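Q: One structure is given below, represented as structure tokens, and several questions about it will come after.
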Amino acid sequence: MQMMNKGRTAVFSILLSVFAIGSFGASATIEKANDAIKPFSAIYDMYRQGDKLGQGERALKKITDNQYSLSLKSELKWLIFSDKRKEVSVFTVSDGENITPNLYTFDRSGTGSDEEVKISFNSDQSLIVNPKAKKDAAPDEWQQGWQDEMSLHAQIQLDLINNKSTFNYTVVSNSGKLREYMFEVIGEELISTGFGRFKAIKVARIYEDKKFYAQHAWFIPELNFTLARLWRMKKGVEQYDLVIKSFTVVE
């Protein structure tokens with residue numbers, strides 16, 4: 001029984017990662033440099049092998065002419081395990097192309113230990129992670145182009161809108177470590193969601209050392225390149241399938 005619970009916990013932790021570092025999502029459109037992204041709210045249903053596990057909501061709010069906040073609230077349940085979390089990133093948009101994170105907060109509760117993290121990308125280039133990672137901690141200074149786990153979502157959208165087809169990102173994770181991510185556009189597909197049928201851009205994550213892993217995301221150009229679906233497979237087994245349920249433009 002103990003071995004079974006450990007296995008279930010491991011799988012559940014993978015499912016939760018869809019709403020964190022492995023995830024995509026935001027809404028963007030280019031009209032002018034200081035109006036590159038539009039406030040929105042989107043709801044997603046999450047499944048694993050046909051079973052619904054819960055929902056997640058992303059919301060983008062405008063703070064000033066070029067500063068925004070992107071938040072994520074999610075609640076998942078699977079067997080005896082549960083996870084509730086909230087992530088918020090405050091970031092600046094420049095030239096309709098570049099996202100610079102300012103502040104990231106992460107709050108998670110549920111099965112296992114509760115977690116709280118705060119990451120500050122200060123104007124003097126200092127990087128403050130509280131609490132700091134006990135092993136392989138990120139450096140004390142950040143470099144231009146680095147992202148947090150939520151500002152990454154907005155940067156991906158801007159890159160898609162600017163017709164880029166390959167993407168490389170350095171991310172300060174909610175564990176306080178640096179991680180590298182690579183993605184590429186692999187084509188277009190017609191997909192069905194809880195919000196309707198759409199022609200979507202398909203993007204794949206590139207795994208250099210994990211050939212039995214696969215992660216694909218679909219974005220909807222006619223809805224400002226909003227994330228429509230996110231799917232992940234590990235060693236031939238579906239880990240999760242995240243599908244959009246509703247999308248609202250916020251004035």
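Identifiers for the structure tokens are assigned positionally: chains receive A, B, ... in sequence, residues are indexed from 1 per chain, and ligands are indexed from 1 in the order shown.
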Check which residues of stretch 174-232 of chain A sit at most 12 Å from stretch 117-135 of chain A using only C-alpha atoms, and return one row each with the closest pair of atoms and their distance in Å to one decimal, ordered by chain and rising number, as a tab-separated table.
A:
```
residue	atom	partner	partner_atom	distance
A:Asn174	CA	A:Val117	CA	6.5
A:Ser175	CA	A:Ala133	CA	6.2
A:Gly176	CA	A:Ala133	CA	5.1
A:Lys177	CA	A:Ala133	CA	6.7
A:Leu178	CA	A:Ala133	CA	10.4
```
Q: Store the residues of this selection in a file with all heavy atoms, as an mmCIF file, in the first residue's frame.
A:
```cif
data_model
loop_
_atom_site.group_PDB
_atom_site.id
_atom_site.type_symbol
_atom_site.label_atom_id
_atom_site.label_comp_id
_atom_site.auth_asym_id
_atom_site.auth_seq_id
_atom_site.Cartn_x
_atom_site.Cartn_y
_atom_site.Cartn_z
ATOM 1 N N ASN A 174 9.505 28.148 -9.559
ATOM 2 C CA ASN A 174 8.981 28.397 -8.217
ATOM 3 C C ASN A 174 9.726 27.607 -7.154
ATOM 4 O O ASN A 174 9.424 27.725 -5.966
ATOM 5 C CB ASN A 174 7.474 28.128 -8.135
ATOM 6 C CG ASN A 174 7.109 26.708 -8.539
ATOM 7 O OD1 ASN A 174 7.887 25.769 -8.396
ATOM 8 N ND2 ASN A 174 5.908 26.552 -9.059
ATOM 9 N N SER A 175 10.720 26.820 -7.568
ATOM 10 C CA SER A 175 11.619 26.167 -6.617
ATOM 11 C C SER A 175 12.905 26.973 -6.430
ATOM 12 O O SER A 175 13.795 26.579 -5.683
ATOM 13 C CB SER A 175 11.973 24.750 -7.091
ATOM 14 O OG SER A 175 12.682 24.802 -8.319
ATOM 15 N N GLY A 176 12.990 28.118 -7.141
ATOM 16 C CA GLY A 176 14.155 28.982 -7.001
ATOM 17 C C GLY A 176 15.356 28.539 -7.808
ATOM 18 O O GLY A 176 16.476 28.984 -7.554
ATOM 19 N N LYS A 177 15.128 27.709 -8.823
ATOM 20 C CA LYS A 177 16.217 27.211 -9.661
ATOM 21 C C LYS A 177 16.055 27.726 -11.094
ATOM 22 O O LYS A 177 14.953 28.075 -11.515
ATOM 23 C CB LYS A 177 16.232 25.679 -9.667
ATOM 24 C CG LYS A 177 16.403 25.068 -8.281
ATOM 25 C CD LYS A 177 16.368 23.550 -8.346
ATOM 26 C CE LYS A 177 16.521 22.942 -6.956
ATOM 27 N NZ LYS A 177 16.491 21.454 -7.011
ATOM 28 N N LEU A 178 17.143 27.741 -11.852
ATOM 29 C CA LEU A 178 17.086 28.120 -13.265
ATOM 30 C C LEU A 178 16.792 26.895 -14.111
ATOM 31 O O LEU A 178 17.382 25.832 -13.910
ATOM 32 C CB LEU A 178 18.427 28.721 -13.720
ATOM 33 C CG LEU A 178 18.752 30.154 -13.305
ATOM 34 C CD1 LEU A 178 20.045 30.591 -13.964
ATOM 35 C CD2 LEU A 178 17.625 31.101 -13.672
#
```
Q: With a distance cut-off of 12 Å and only C-alpha atoms, select the neighbouring residues of A:Ser113, excluding the residue or stretch itself and same-chain residues fewer than 5 positions from it, and output the selection as a ChimeraX atom specification.
A: /A:82-84,107-108
Q: Would you write out those residues with C-alpha atoms, as a PDB file, in the first residue's frame?
A:
```pdb
ATOM      1  CA  SER A  82      -5.674  17.443  -3.660  1.00  0.00           C
ATOM      2  CA  ASP A  83      -3.890  20.603  -4.760  1.00  0.00           C
ATOM      3  CA  LYS A  84      -4.944  24.244  -4.609  1.00  0.00           C
ATOM      4  CA  ASP A 107       1.050  29.890  -2.921  1.00  0.00           C
ATOM      5  CA  ARG A 108       0.163  26.196  -2.831  1.00  0.00           C
TER       6      ARG A 108
END
```
Q: Would you compute the distance between atom CA of A:Phe91 and atom CA of A:Gln67? Give it in Å to one decimal.
A: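 Between atom CA of A:Phe91 and atom CA of A:Gln67 the gap is 5.7 Å.
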Q: Give me, as a tab-separated table, each residue of stretch 140-214 of chain A that comes within 10 Å of stretch 43-56 of chain A, together with its shortest interatomic pair and the distance in Å at one decimal, counting only C-alpha atoms, with rows ordered by chain and rising residue number.
A:
```
residue	atom	partner	partner_atom	distance
A:Thr193	CA	A:Tyr44	CA	9.9
A:Gly194	CA	A:Asp45	CA	8.6
A:Phe195	CA	A:Tyr44	CA	9.8
```
Q: Going by DSSP on the backbone, which residues of stretch 54-236 of chain A come out as alpha helix (DSSP H)? List them as a compact mmCIF listing (two decimals) with C-alpha atoms, in the first residue's frame.
A:
```
# COMPACT_ATOMS: atom_id res chain seq x y z
CA SER A 151 5.56 35.82 -17.35
CA LEU A 152 6.80 32.99 -19.58
CA HIS A 153 3.20 32.48 -20.74
CA ALA A 154 2.88 36.05 -22.01
CA GLN A 155 6.30 35.91 -23.70
CA ILE A 156 5.33 32.80 -25.64
CA GLN A 157 2.21 34.58 -26.90
CA LEU A 158 4.16 37.60 -28.10
CA ASP A 159 6.69 35.38 -29.84
CA LEU A 160 3.93 33.51 -31.67
CA ILE A 161 2.29 36.75 -32.75
```
